[in-house]
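Shown next: target06.txt, given as compact mmCIF, C-alpha atoms.
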```
# COMPACT_ATOMS: atom_id res chain seq x y z
CA MET A 1280 0.76 -9.04 -15.13
CA LEU A 1281 -2.72 -10.37 -14.28
CA PHE A 1282 -2.44 -13.40 -16.58
CA GLU A 1283 -2.42 -16.00 -13.80
CA ALA A 1284 -5.35 -14.29 -12.08
CA HIS A 1285 -7.40 -14.47 -15.28
CA LYS A 1286 -6.55 -18.14 -15.79
CA ALA A 1287 -7.56 -18.94 -12.22
CA LEU A 1288 -10.93 -17.29 -12.83
CA GLY A 1289 -11.52 -19.38 -15.97
CA ALA A 1290 -11.29 -16.50 -18.42
CA ARG A 1291 -11.32 -17.03 -22.16
CA LEU A 1292 -8.10 -15.30 -23.22
CA ILE A 1293 -7.06 -13.84 -26.57
CA ASP A 1294 -4.02 -11.97 -27.85
CA PHE A 1295 -4.78 -8.25 -27.87
CA ASN A 1296 -1.94 -6.07 -29.14
CA GLY A 1297 0.63 -8.34 -27.51
CA TRP A 1298 -1.29 -8.82 -24.27
CA ASP A 1299 -3.16 -11.97 -23.20
CA MET A 1300 -6.52 -10.42 -22.33
CA PRO A 1301 -9.82 -11.91 -21.11
CA VAL A 1302 -12.76 -11.69 -23.50
CA PHE A 1303 -15.11 -12.96 -20.81
CA TYR A 1304 -15.21 -15.08 -17.66
CA THR A 1305 -18.81 -16.36 -17.31
CA GLY A 1306 -20.35 -14.59 -20.31
CA ILE A 1307 -20.50 -11.18 -21.96
CA THR A 1308 -24.17 -10.51 -21.21
CA ALA A 1309 -23.92 -11.45 -17.53
CA GLU A 1310 -20.81 -9.33 -17.05
CA HIS A 1311 -22.35 -6.39 -18.91
CA LEU A 1312 -25.52 -6.46 -16.79
CA ALA A 1313 -23.51 -6.78 -13.58
CA VAL A 1314 -21.70 -3.53 -14.44
CA ARG A 1315 -24.99 -1.79 -15.16
CA SER A 1316 -26.68 -3.01 -11.95
CA ALA A 1317 -23.81 -3.40 -9.45
CA ALA A 1318 -20.11 -3.46 -10.36
CA GLY A 1319 -17.48 -5.01 -12.59
CA ILE A 1320 -13.69 -5.01 -12.56
CA PHE A 1321 -11.69 -4.89 -15.80
CA ASP A 1322 -8.01 -5.45 -16.48
CA ILE A 1323 -6.93 -2.41 -18.52
CA SER A 1324 -3.18 -2.98 -18.20
CA HIS A 1325 -2.96 -3.04 -21.99
CA MET A 1326 -3.61 0.71 -22.13
CA GLY A 1327 -0.49 2.80 -22.60
CA GLN A 1328 0.65 5.16 -19.84
CA VAL A 1329 2.94 8.05 -20.77
CA MET A 1330 4.35 10.62 -18.38
CA VAL A 1331 5.12 14.02 -19.91
CA GLY A 1332 7.10 16.56 -17.89
CA GLY A 1333 9.42 19.52 -18.16
CA GLU A 1334 9.12 23.29 -18.23
CA ALA A 1335 7.54 23.24 -21.71
CA ALA A 1336 5.18 20.29 -21.11
CA LEU A 1337 2.00 22.39 -21.30
CA GLU A 1338 3.10 24.24 -24.44
CA PHE A 1339 4.16 20.96 -26.06
CA LEU A 1340 0.95 19.07 -25.31
CA ASN A 1341 -1.39 21.96 -26.10
CA GLY A 1342 0.23 22.13 -29.53
CA LEU A 1343 -0.57 18.46 -30.17
CA LEU A 1344 -3.93 17.84 -28.47
CA THR A 1345 -7.33 19.20 -29.47
CA ASN A 1346 -8.66 20.01 -26.00
CA ASP A 1347 -7.26 22.83 -23.85
CA LEU A 1348 -4.97 21.63 -21.06
CA ARG A 1349 -4.83 25.15 -19.63
CA LYS A 1350 -8.23 24.39 -18.09
CA LEU A 1351 -6.76 21.69 -15.85
CA VAL A 1352 -5.52 22.23 -12.33
CA PRO A 1353 -3.36 19.52 -10.71
CA GLY A 1354 -5.59 16.54 -10.04
CA GLN A 1355 -7.87 16.98 -13.08
CA GLY A 1356 -8.12 15.21 -16.42
CA GLN A 1357 -9.91 15.59 -19.73
CA TYR A 1358 -10.73 13.55 -22.80
CA THR A 1359 -8.85 14.79 -25.86
CA LEU A 1360 -7.55 13.76 -29.28
CA MET A 1361 -4.19 13.95 -31.04
CA CYS A 1362 -4.46 14.76 -34.74
CA ASN A 1363 -2.20 14.85 -37.77
CA GLU A 1364 -1.89 17.83 -40.12
CA ALA A 1365 -4.92 16.69 -42.13
CA GLY A 1366 -7.08 16.56 -39.00
CA GLY A 1367 -7.09 12.75 -38.89
CA VAL A 1368 -6.93 11.17 -35.46
CA VAL A 1369 -3.56 9.77 -34.42
CA ASP A 1370 -5.19 8.66 -31.16
CA ASP A 1371 -7.87 9.57 -28.65
CA LEU A 1372 -6.79 9.61 -25.04
CA TYR A 1373 -7.17 10.91 -21.51
CA ALA A 1374 -4.76 13.60 -20.34
CA TYR A 1375 -4.36 14.20 -16.61
CA ARG A 1376 -2.46 17.02 -14.95
CA THR A 1377 -0.85 15.18 -12.05
CA GLY A 1378 1.23 18.08 -10.75
CA PRO A 1379 2.94 21.32 -11.78
CA GLY A 1380 4.50 20.69 -15.19
CA GLN A 1381 3.59 16.98 -15.03
CA TYR A 1382 1.00 15.14 -17.16
CA LEU A 1383 -0.15 11.55 -17.54
CA LEU A 1384 -1.49 10.41 -20.91
CA VAL A 1385 -3.52 7.19 -21.05
CA ILE A 1386 -3.49 6.01 -24.66
CA ASN A 1387 -4.91 3.15 -26.69
CA ALA A 1388 -3.08 -0.18 -26.59
CA SER A 1389 -3.11 -0.44 -30.38
CA ARG A 1390 -1.45 2.98 -30.73
CA VAL A 1391 1.38 2.96 -28.19
CA GLU A 1392 4.14 2.58 -30.78
CA GLN A 1393 2.68 5.17 -33.16
CA ASP A 1394 1.89 7.63 -30.36
CA MET A 1395 5.36 7.44 -28.85
CA ALA A 1396 6.96 8.01 -32.26
CA TRP A 1397 4.65 11.00 -32.83
CA LEU A 1398 5.36 12.46 -29.38
CA ARG A 1399 9.12 11.99 -29.66
CA ASP A 1400 9.20 13.53 -33.12
CA HIS A 1401 7.42 16.68 -31.93
CA ALA A 1402 9.29 16.81 -28.61
CA ALA A 1403 12.58 17.06 -30.51
CA GLY A 1404 11.83 20.71 -31.25
CA PHE A 1405 11.73 21.48 -27.52
CA GLN A 1406 15.26 20.19 -26.89
CA ASN A 1407 15.54 19.36 -23.16
CA ARG A 1408 12.44 21.24 -22.04
CA VAL A 1409 10.13 18.21 -22.44
CA THR A 1410 10.58 14.71 -21.01
CA LEU A 1411 8.73 11.57 -22.10
CA ALA A 1412 8.50 8.25 -20.27
CA CYS A 1413 6.38 5.31 -21.45
CA LEU A 1414 5.31 3.24 -18.43
CA ASP A 1415 3.00 0.72 -20.06
CA ARG A 1416 5.24 -2.34 -19.57
CA GLU A 1417 6.06 -1.67 -15.92
CA ASN A 1418 2.70 -0.28 -14.82
CA GLY A 1419 -0.68 -1.95 -14.88
CA ALA A 1420 -4.23 -0.74 -14.41
CA VAL A 1421 -7.70 -1.93 -13.48
CA ALA A 1422 -11.08 -0.27 -13.85
CA VAL A 1423 -13.87 -0.77 -11.31
CA GLN A 1424 -17.16 0.39 -12.78
CA GLY A 1425 -20.78 0.37 -11.69
CA PRO A 1426 -23.35 2.10 -9.47
CA ARG A 1427 -22.19 0.28 -6.30
CA VAL A 1428 -18.43 0.89 -6.60
CA ARG A 1429 -18.36 3.77 -4.11
CA GLU A 1430 -19.75 1.40 -1.46
CA PHE A 1431 -16.48 -0.53 -1.29
CA VAL A 1432 -13.67 1.44 -2.98
CA ASP A 1433 -12.47 2.86 0.35
CA LYS A 1434 -11.98 -0.65 1.72
CA VAL A 1435 -9.33 -1.20 -0.95
CA ILE A 1436 -7.86 2.28 -1.49
CA GLN A 1437 -7.47 3.45 2.09
CA GLY A 1438 -6.58 6.78 3.63
CA SER A 1439 -6.19 10.28 2.27
CA SER A 1440 -4.66 11.17 -1.07
CA ILE A 1441 -1.02 12.23 -1.09
CA SER A 1442 -1.01 14.23 -4.35
CA GLY A 1443 -3.33 15.38 -7.10
CA THR A 1444 -6.84 16.19 -5.90
CA ARG A 1445 -6.72 16.27 -2.12
CA VAL A 1446 -9.47 14.08 -0.64
CA GLY A 1447 -9.88 12.22 2.62
CA GLN A 1448 -10.91 9.04 0.83
CA ALA A 1449 -11.02 7.74 -2.72
CA SER A 1450 -14.82 7.70 -2.82
CA SER A 1451 -14.78 11.50 -2.56
CA LEU A 1452 -13.18 11.88 -5.99
CA LYS A 1453 -15.48 13.46 -8.57
CA LYS A 1454 -15.67 12.92 -12.31
CA ASN A 1455 -12.35 13.53 -14.11
CA GLN A 1456 -10.40 13.99 -10.88
CA ILE A 1457 -7.22 12.01 -10.18
CA ALA A 1458 -5.20 11.50 -7.01
CA SER A 1459 -2.35 9.35 -5.70
CA PHE A 1460 -2.71 7.07 -2.68
CA ALA A 1461 -0.25 4.97 -0.74
CA PHE A 1462 -0.84 1.26 -1.21
CA GLY A 1463 1.44 -1.19 0.56
CA GLN A 1464 4.98 -0.28 -0.43
CA GLY A 1465 3.85 1.52 -3.58
CA ILE A 1466 1.71 4.37 -4.86
CA LEU A 1467 -1.44 4.07 -6.93
CA MET A 1468 -3.05 6.73 -9.11
CA VAL A 1469 -6.85 6.66 -8.87
CA ALA A 1470 -8.91 8.49 -11.50
CA CYS A 1471 -12.66 8.96 -11.47
CA THR A 1472 -13.02 8.01 -15.13
CA GLY A 1473 -14.16 5.03 -17.19
CA TYR A 1474 -15.38 3.65 -20.49
CA THR A 1475 -18.76 2.19 -19.52
CA GLY A 1476 -21.03 5.16 -18.82
CA GLU A 1477 -21.26 4.10 -15.17
CA ASP A 1478 -19.69 5.66 -12.10
CA GLY A 1479 -16.33 4.22 -11.12
CA PHE A 1480 -12.57 4.49 -11.04
CA GLU A 1481 -9.47 3.58 -13.00
CA VAL A 1482 -6.53 2.55 -10.80
CA MET A 1483 -2.98 2.67 -12.17
CA GLY A 1484 0.38 1.77 -10.69
CA PRO A 1485 3.28 -0.70 -10.51
CA GLY A 1486 2.49 -4.22 -11.63
CA ASP A 1487 2.79 -5.88 -8.21
CA CYS A 1488 0.48 -3.28 -6.66
CA VAL A 1489 -2.08 -3.73 -9.42
CA ARG A 1490 -2.13 -7.52 -8.91
CA ALA A 1491 -2.76 -6.98 -5.19
CA VAL A 1492 -5.42 -4.33 -5.78
CA TRP A 1493 -7.21 -6.69 -8.22
CA ASP A 1494 -7.45 -9.36 -5.52
CA HIS A 1495 -8.52 -6.85 -2.86
CA PHE A 1496 -11.29 -5.47 -5.06
CA LEU A 1497 -12.65 -8.93 -5.83
CA SER A 1498 -12.74 -9.70 -2.12
CA ALA A 1499 -14.19 -6.39 -0.92
CA GLY A 1500 -16.67 -6.05 -3.77
CA ALA A 1501 -18.11 -9.55 -3.80
CA VAL A 1502 -20.95 -8.79 -1.37
CA HIS A 1503 -21.81 -5.72 -3.46
CA GLY A 1504 -22.19 -7.74 -6.66
CA LEU A 1505 -18.74 -7.09 -8.17
CA VAL A 1506 -17.71 -9.55 -10.91
CA PRO A 1507 -14.64 -9.72 -13.16
CA ALA A 1508 -15.52 -8.52 -16.67
CA GLY A 1509 -13.69 -8.90 -19.97
CA LEU A 1510 -13.17 -7.10 -23.25
CA GLY A 1511 -16.51 -8.34 -24.60
CA ALA A 1512 -18.55 -6.52 -21.96
CA ARG A 1513 -16.26 -3.50 -22.20
CA ASP A 1514 -17.16 -3.26 -25.88
CA THR A 1515 -20.94 -3.68 -25.47
CA LEU A 1516 -20.95 -1.16 -22.62
CA ARG A 1517 -19.04 1.49 -24.58
CA THR A 1518 -21.20 0.91 -27.67
CA GLU A 1519 -24.38 1.54 -25.65
CA MET A 1520 -22.86 4.87 -24.62
CA GLY A 1521 -21.77 5.80 -28.14
CA TYR A 1522 -18.11 6.00 -27.07
CA PRO A 1523 -15.61 5.75 -29.93
CA LEU A 1524 -13.04 2.98 -30.28
CA TYR A 1525 -9.86 3.59 -32.22
CA GLY A 1526 -9.85 1.53 -35.41
CA HIS A 1527 -13.65 1.69 -35.58
CA GLU A 1528 -15.01 5.22 -35.20
CA LEU A 1529 -11.55 6.81 -35.31
CA ASN A 1530 -8.45 6.48 -37.49
CA GLU A 1531 -5.83 8.64 -39.20
CA THR A 1532 -8.18 9.60 -42.04
CA THR A 1533 -11.18 10.43 -39.82
CA THR A 1534 -11.46 13.77 -38.03
CA PRO A 1535 -12.99 14.51 -34.61
CA ILE A 1536 -15.62 16.67 -36.32
CA GLU A 1537 -16.77 13.79 -38.55
CA ALA A 1538 -16.82 11.57 -35.46
CA GLY A 1539 -19.12 13.97 -33.59
CA LEU A 1540 -16.41 14.92 -31.08
CA GLY A 1541 -16.26 18.64 -31.82
CA PHE A 1542 -16.94 19.41 -28.16
CA PHE A 1543 -13.38 18.26 -27.43
CA VAL A 1544 -11.81 20.56 -30.04
CA SER A 1545 -10.86 23.93 -28.52
CA LEU A 1546 -10.31 26.36 -31.37
CA ASP A 1547 -9.91 29.31 -29.02
CA LYS A 1548 -6.66 28.09 -27.43
CA GLY A 1549 -4.38 28.91 -30.35
CA GLN A 1550 -2.49 26.78 -32.83
CA PHE A 1551 -2.33 22.98 -32.63
CA VAL A 1552 -1.68 20.26 -35.18
CA GLY A 1553 -4.71 19.83 -37.47
CA ARG A 1554 -6.42 23.02 -36.28
CA SER A 1555 -6.98 24.63 -39.70
CA VAL A 1556 -8.80 21.57 -41.06
CA LEU A 1557 -10.95 21.17 -37.95
CA GLU A 1558 -11.81 24.86 -37.92
CA ALA A 1559 -12.97 24.67 -41.53
CA GLN A 1560 -15.06 21.57 -40.82
CA LYS A 1561 -16.66 23.16 -37.78
CA ALA A 1562 -17.62 26.15 -39.89
CA SER A 1563 -18.75 24.37 -43.06
CA GLY A 1564 -19.74 20.90 -41.92
CA THR A 1565 -18.61 17.51 -43.21
CA ALA A 1566 -19.78 15.20 -45.97
CA ARG A 1567 -20.23 12.31 -43.55
CA THR A 1568 -21.11 12.01 -39.87
CA CYS A 1569 -20.86 9.30 -37.25
CA VAL A 1570 -24.33 8.43 -35.94
CA ALA A 1571 -25.76 5.99 -33.44
CA PHE A 1572 -28.54 3.71 -34.59
CA LYS A 1573 -30.94 1.15 -33.18
CA MET A 1574 -32.49 -1.75 -35.04
CA THR A 1575 -36.30 -1.52 -35.10
CA GLY A 1576 -37.09 -5.09 -36.10
CA LYS A 1577 -35.81 -8.60 -35.48
CA ALA A 1578 -32.41 -9.21 -37.00
CA ALA A 1579 -29.00 -10.66 -36.28
CA PRO A 1580 -26.72 -8.13 -34.56
CA PRO A 1581 -25.20 -5.47 -36.83
CA ARG A 1582 -21.44 -5.69 -37.29
CA PRO A 1583 -18.64 -3.45 -38.63
CA HIS A 1584 -18.52 -2.95 -42.42
CA TYR A 1585 -22.20 -3.79 -42.96
CA PRO A 1586 -23.67 -1.41 -45.60
CA VAL A 1587 -26.18 1.27 -44.59
CA TRP A 1588 -29.04 2.14 -46.96
CA ARG A 1589 -31.79 4.75 -47.26
CA ASP A 1590 -34.39 4.82 -50.02
CA ALA A 1591 -32.49 2.15 -52.00
CA GLN A 1592 -29.35 4.32 -51.90
CA SER A 1593 -26.11 3.31 -50.19
CA VAL A 1594 -25.42 6.07 -47.65
CA GLY A 1595 -22.75 4.66 -45.36
CA GLU A 1596 -21.20 1.81 -43.40
CA VAL A 1597 -21.43 0.40 -39.88
CA VAL A 1598 -18.26 0.87 -37.80
CA SER A 1599 -19.44 -0.69 -34.51
CA GLY A 1600 -22.35 -2.99 -33.86
CA THR A 1601 -23.64 -5.42 -31.26
CA GLN A 1602 -26.69 -6.81 -29.52
CA SER A 1603 -27.35 -4.51 -26.58
CA PRO A 1604 -27.82 -6.49 -23.35
CA SER A 1605 -29.44 -3.47 -21.68
CA LEU A 1606 -31.84 -2.55 -24.49
CA GLY A 1607 -32.53 -6.00 -25.94
CA ALA A 1608 -31.99 -4.76 -29.49
CA GLY A 1609 -29.28 -4.48 -32.09
CA ILE A 1610 -27.40 -1.20 -31.87
CA GLY A 1611 -24.33 0.38 -33.37
CA MET A 1612 -22.59 3.34 -34.87
CA ALA A 1613 -22.12 4.11 -38.53
CA TYR A 1614 -20.71 6.78 -40.81
CA VAL A 1615 -23.46 8.06 -43.07
CA ALA A 1616 -23.82 10.91 -45.53
CA THR A 1617 -24.58 13.95 -43.38
CA PRO A 1618 -28.06 14.65 -44.87
CA HIS A 1619 -29.13 11.29 -43.36
CA SER A 1620 -27.64 11.83 -39.90
CA ARG A 1621 -30.48 13.50 -37.99
CA PRO A 1622 -32.05 11.55 -35.10
CA GLY A 1623 -35.27 9.91 -36.22
CA THR A 1624 -33.99 9.23 -39.74
CA ALA A 1625 -35.02 5.78 -40.96
CA LEU A 1626 -32.18 3.62 -42.28
CA GLU A 1627 -31.64 0.03 -43.35
CA ILE A 1628 -28.69 -2.10 -42.29
CA GLU A 1629 -27.73 -4.83 -44.72
CA ILE A 1630 -27.09 -7.99 -42.69
CA ARG A 1631 -26.03 -11.08 -44.61
CA GLY A 1632 -27.52 -9.74 -47.80
CA VAL A 1633 -30.88 -8.74 -46.29
CA LYS A 1634 -31.83 -5.15 -45.41
CA HIS A 1635 -33.26 -4.63 -41.92
CA PRO A 1636 -34.90 -1.43 -40.58
CA ALA A 1637 -33.07 0.83 -38.14
CA ILE A 1638 -33.38 4.39 -36.90
CA VAL A 1639 -30.82 7.09 -36.09
CA VAL A 1640 -30.89 7.89 -32.37
CA LYS A 1641 -29.15 10.39 -30.11
CA LYS A 1642 -26.07 9.34 -28.16
CA PRO A 1643 -25.91 7.77 -25.69
CA LEU A 1644 -28.15 4.94 -26.79
CA TYR A 1645 -28.43 3.84 -23.15
CA ARG A 1646 -29.03 6.32 -20.37
CA PRO A 1647 -28.26 4.76 -16.97
CA ASP A 1648 -30.41 7.04 -14.82
CA ALA A 1649 -33.46 6.90 -17.09
CA ALA A 1650 -33.09 3.15 -17.51
CA ARG A 1651 -33.41 2.62 -13.75
CA VAL A 1652 -36.74 4.43 -13.37
CA PRO A 1653 -39.29 1.75 -12.43
CA GLY A 1654 -41.68 1.07 -15.26
CA SER A 1655 -39.58 2.95 -17.83
```

Mind turning this structure into C-alpha cells?
Amino acid sequence: MLFEAHKALGARLIDFNGWDMPVFYTGITAEHLAVRSAAGIFDISHMGQVMVGGEAALEFLNGLLTNDLRKLVPGQGQYTLMCNEAGGVVDDLYAYRTGPGQYLLVINASRVEQDMAWLRDHAAGFQNRVTLACLDRENGAVAVQGPRVREFVDKVIQGSSISGTRVGQASSLKKNQIASFAFGQGILMVACTGYTGEDGFEVMGPGDCVRAVWDHFLSAGAVHGLVPAGLGARDTLRTEMGYPLYGHELNETTTPIEAGLGFFVSLDKGQFVGRSVLEAQKASGTARTCVAFKMTGKAAPPRPHYPVWRDAQSVGEVVSGTQSPSLGAGIGMAYVATPHSRPGTALEIEIRGVKHPAIVVKKPLYRPDAARVPGS
C-alpha cells in the first residue's frame, strides 16, 4: 500500500514474504545512524495484524502464549511467544489488550499463514466463544523511531485518544501502551513500541490512512532529522539490541529458554502449550544458549551459519551477524554450547575459512543512553 511512495523516494525494493519492501533509500548506514541520532520512519505493513475477541479470548490466548495476559489492562501490550507442544517457537509477537475481551496480535510477516492455522485449530475447541480476524491485507502500519520522535508526533496524530490508554496527546503514551486516535475519516492505533531500541511509536490502521500518515510524518519530521528507513537498517538496529528475528534466533525447534527469553515465560499463570518443556528447561538449563558477541579484531562482517570455535573445538553457529554502524565493529548472535555462553568468554568466528577473535557480551550490544554520553 506504500509501494508508490517507496518508488518515489528511490528505494531499492525486494520481495519480502509477498510484499515489495524497501531495503534502503540512501543507504543502510545513513538510515541506521539517523534513527539513533534523530528519527526514522519504517513501512511495517508486512507485519500481520490479528484481532482476537469473544468471551473466552483471554482464556484462549493465555493457553497459547508464554507471557501472562492477565497482567494487561485495556491499552497495554506485552512481548510474548507462541510455542508448540515441544516448546519450539511457532512465532514471537506483540499482544495488546485493546478493550474488554478484545486483543490485537502483531505477528511476523513470514508466519501469518502458520499462525492463523495454529490459532484457528486451537480456537475450534472454544466453539463460538472466540473470534479471529486477520487484518494484514486491509490494514497497514508504519513505525517512527528515534530520540526526536516525540517532538513531532503530535503534529501528525492530533487530539486526545478515543480508546485504549486515555491520553491528551500521542506523545504522552508510555512504553507498551496503545491507544486509538481519529485520523481523517478513519481510526489509527498508536502503540509506544518498536524494534530498534529507540523511543518511538508503531501506527496501525486502514491502508488509505497509513499512506496519508506516512506522508504527514515525512513532512512534519523533516526539520527534526526524520528520514525514511528500510529493512536493512531495521535489521542492523535490532541486531545491536540483541532482539530476535524469527528464522534466525527463533524457529519451531528452538525454545524461548534457549533463546534467552525466559523473562517472557510466565510459569505461574497455569497451563499453556509447551509449558512442561519450558519449565524443565528453566529448572535444569539447556545444552545450548543464544549469546551476543562482538568481533575484537579486523574482519569481514559475521553472517548467519558461520561456525563458532573455542580452543579448536566447534561450539556453535552464528544466527545473525552484521557490521554495527553504531559500534564500528562486527557483531552478532550465535547459539553456542552453554558452558561457553558467559559474557567475557573468548570465541572465534570462522569467516571465509579464517578464524577471527570475538568475545561474548551482554545484551544489548548497544546501549543508547550510555552511547550518547560525551567522551564515552

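Coordinates place CA of Ala1616 (chain A) at a distance of 16.2 Å from CA of Glu1629 (chain A).
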
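Restricting the calculation to only C-alpha atoms, the smallest distance between Ile1386 (chain A) and any of A:Gln1355, A:Gln1437, A:Ser1316, A:Gln1328 is found for A:Gln1328.
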
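Of the listed residues A:Thr1345, A:Thr1518, A:Ser1555, A:Thr1475, the one whose atoms come nearest to Ser1599 (chain A) is A:Thr1518, with distances taken using all atoms listed in the file.
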
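Using only C-alpha atoms, the shortest contact distance between Met1361 (chain A) and any of A:Met1483, A:Ala1591, A:Ile1628, A:Val1544 is found at A:Val1544.
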
Practice prompt. Excluding region 1443-1447 of chain A and any residue of its chain fewer than 2 positions from it, enumerate the residues within 8 Å of it, using only C-alpha atoms, and give them as number ranges by chain.
Written response: A: 1353-1355, 1377-1378, 1438-1441, 1449, 1451-1452, 1456-1459

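Relative to CA of Val1432 (chain A), CA of Gln1381 (chain A) is found at 26.2 Å.
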
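Closest approach to Gly1419 (chain A) among A:Gly1486, A:Gly1306, A:Gly1327, A:Pro1643 is made by A:Gly1486 (distances from only C-alpha atoms).
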
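Taking all atoms listed in the file into account, the polymer residues that have an atom no farther than 7 Å from (-14.6, -18.8, -14.4) are Leu1288, Gly1289, Ala1290, Tyr1304 and Thr1305 of chain A.
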
Answer as a PDB file with C-alpha atoms, in the coordinates of the input, residues within 7 Å of (-21.8, -4.5, -12.0) using all atoms listed in the file:
```
ATOM      1  CA  LEU A1312     -25.520  -6.460 -16.790  1.00  0.00           C
ATOM      2  CA  ALA A1313     -23.510  -6.780 -13.580  1.00  0.00           C
ATOM      3  CA  VAL A1314     -21.700  -3.530 -14.440  1.00  0.00           C
ATOM      4  CA  ARG A1315     -24.990  -1.790 -15.160  1.00  0.00           C
ATOM      5  CA  SER A1316     -26.680  -3.010 -11.950  1.00  0.00           C
ATOM      6  CA  ALA A1317     -23.810  -3.400  -9.450  1.00  0.00           C
ATOM      7  CA  ALA A1318     -20.110  -3.460 -10.360  1.00  0.00           C
ATOM      8  CA  GLY A1319     -17.480  -5.010 -12.590  1.00  0.00           C
ATOM      9  CA  GLN A1424     -17.160   0.390 -12.780  1.00  0.00           C
ATOM     10  CA  GLY A1425     -20.780   0.370 -11.690  1.00  0.00           C
ATOM     11  CA  GLY A1504     -22.190  -7.740  -6.660  1.00  0.00           C
ATOM     12  CA  LEU A1505     -18.740  -7.090  -8.170  1.00  0.00           C
ATOM     13  CA  VAL A1506     -17.710  -9.550 -10.910  1.00  0.00           C
TER      14      VAL A1506
END
```

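What separates CA of Gly1526 (chain A) from CA of Asp1370 (chain A) is a distance of 9.5 Å.
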
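With distances restricted to only C-alpha atoms, A:Tyr1614 is the closest residue to Cys1569 (chain A) from A:Phe1321, A:Tyr1522, A:Tyr1614, A:Tyr1585.
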
Worksheet entry | Using only C-alpha atoms: which of A:Thr1533, A:Gln1464, A:Thr1472, A:Thr1601 has the shortest distance to Ala1491 (chain A) | A:Gln1464

Go through region 1290-1354 of chain A and flag each residue having an atom no more than 10 Å from region 1392-1398 of chain A; for those, report the closest pair of atoms plus their distance in Å to one decimal, using all atoms listed in the file, ordered by chain and rising number, as CSV.
```
residue,atom,partner,partner_atom,distance
A:Gly1327,CA,A:Glu1392,CA,9.4
A:Val1329,CA,A:Met1395,CA,8.5
A:Val1331,CA,A:Leu1398,CA,9.6
A:Phe1339,CA,A:Leu1398,CA,9.2
A:Leu1340,CA,A:Leu1398,CA,8.9
A:Leu1343,CA,A:Leu1398,CA,8.5
```

Item to complete: Determine, counting all atoms listed in the file, which protein, DNA and RNA residues have an atom within 12 Å of an atom of Asp1294 (chain A); residues of the same chain fewer than 3 positions away are not included. Present the result as a VMD selection string.
Response: chain A and resid 1282 1291 1297 to 1302 1325 1388 to 1389 1510
